[in-house]
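K.L.:
Below: one structure in structure tokens.
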Amino acid sequence: MATIKDIANKARVSSSTVSRVLNHDVSLSVSDETKLRVLAIAEELDYAPLSQRKRVKKDQANRRTIAIVEWYNGAALVEDPYYLYLMTTVEKQLSKNNIDTFKFISIDGEYVPSMNNAIDGMIAIGRFTVEQIEKFTAYTDRIVFIDSCPDPSRFDSVLADAWIGTLQALDYLYELGHRDIAFIGGKVIGDCGGKGSDTRKEIYCSFMKAKGLDTESLLLEGDNLSFNQGFLLAGKLLQQSVRPSAVFCANDTMAIGVMTRFHEAEIHMPDDMSIVGFNDLPSVKYVDPPLTSVRIPMQDIAQAAVELLNSRIAENGRLPRKVTIPTLLMVRESTREIGKA
């Protein structure tokens with residue numbers, strides 16, 4: 001930001017003249033041309049009064065710096081962009097709150113800061129091992145985890161309520177008349193690394209059992225939640241003697257793989273098969289047909305994470321909090337009632 005002296009030098013007048021022009025001193029005896037020149041130069045140089053410069057300097061000194069750690073590598077983000085969208089949403093939310101950020105990067109599984117800056121807190125997106133988490137705490141113990149809750153006695157966390165969304169999806173398919181409902185999923189990582197359990201699969205099994213419906217040959221699991229695994233498992237589903245009327249997929253990426261395989265086999269959706277995904281990525285509105293999916297409200301998750309971290313910094317020593325964000329079924333053209341064309 002320019003000073004009065006900077007403006008005076010460029011306008012070829014005294015500093016006192018610049019000061020009086022900027023303060024609209026009616027007793028100042030200079031030409032209108034000089035006044036206009038001073039005002040134009042002040043605008044050009046982005047002049048701000050001393051009080052404003054001090055306020056900006058103070059605000060900059062008080063700005064918080066938050067580190068972001070993301071567990072997926074680049075190749076995995078391309079395969080399943082859910083975490084990419086989530087990370088971008090978190091970054092935007094931090095920016096809206098005037099918080100500076102930088103990332104920790106993974107080098108051979110070791111997370112290291114990309115900048116040598118002190119940090120006020122950290123947002124960790126995904127699932128990390130106990131060893132990785134302990135290394136994070138060497139930088140700060142103010143950590144908010146998104147999509148995992150590795151230790152509710154130490155850290156804040158924000159989770160999407162997969163239970164609600166899965167039940168909504170299955171209830172919806174059931175109300176449409178579907179009884180042979182398949183589940184296509186894959187292995188998931190636990191909150192502290194290692195093998196985890198998939199809430200969507202658990203709810204599917206409980207739901208089908210409660211309704212007296214058979215899951216034999218209808219529950220298919222791959223190595224991961226990827227497009228390729230969805231494509232492969234859809235092919236296996238088509239080889240079975242009993243073909244379902246609907247498929248619930250553990251995420252949108254798998255669902256798109258399933259839909260691609262069905263397109264190849266000339267299985268028409270939703271006439272021959274209804275499909276439901278999970279996550280509601282922005283792209284699923286544009287697939288053919290537009291995908292019915294369970295929405296994870298990323299903006300609400302990001303906002304909750306930033307609020308928790310700000311609260312943790314302001315109230316150091318408070319008990320950790322776990323926030324669960326509801327999910328919501330978004331109905332589109334990939335599902336229909338049985339018997340309706």
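Convention: chains lettered A, B, ... in structure tokens order; per-chain residue numbering from 1; ligands numbered from 1 as shown.
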What parts of stretch 57-266 of chain A does DSSP call alpha helix (DSSP H)? I'd like the answer as JSON, numbers by chain.

P.N.:
{"A": [57, 58, 59, 60, 61, 62, 74, 75, 76, 77, 78, 79, 82, 83, 84, 85, 86, 87, 88, 89, 90, 91, 92, 93, 94, 95, 96, 130, 131, 132, 133, 134, 135, 136, 162, 163, 164, 165, 166, 167, 168, 169, 170, 171, 172, 173, 174, 175, 199, 200, 201, 202, 203, 204, 205, 206, 207, 208, 209, 210, 227, 228, 229, 230, 231, 232, 233, 234, 235, 236, 237, 238, 239, 252, 253, 254, 255, 256, 257, 258, 259, 260, 261, 262, 263, 264]}

K.L.:
Skipping near chain neighbours, those fewer than 5 positions away, what residues fall within 12 Å of A:Gln303 using only C-alpha atoms, listed as number ranges by chain?

P.N.:
A: 86, 89-97, 123, 144, 146, 158, 297-298, 308-310, 323, 325

K.L.:
Of the residues A:Phe248, A:Tyr111, A:Tyr85, A:Phe231, which is the one nearest to A:Glu134, using only C-alpha atoms?

P.N.:
A:Tyr111

K.L.:
Tell me, in Å to one decimal, how far atom CA of A:Ile313 is from atom CA of A:Ala138.

P.N.:
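Atom-to-atom, atom CA of A:Ile313 to atom CA of A:Ala138, that is 16.4 Å.
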
K.L.:
Which of stretch 76-269 of chain A end up as strand (DSSP E) when DSSP is run on this backbone - answer as a PyMOL selection string?

P.N.:
chain A and resi 100-107+110-113+121-125+143-146+156-161+181-186+188-189+195-196+219-222+246-249
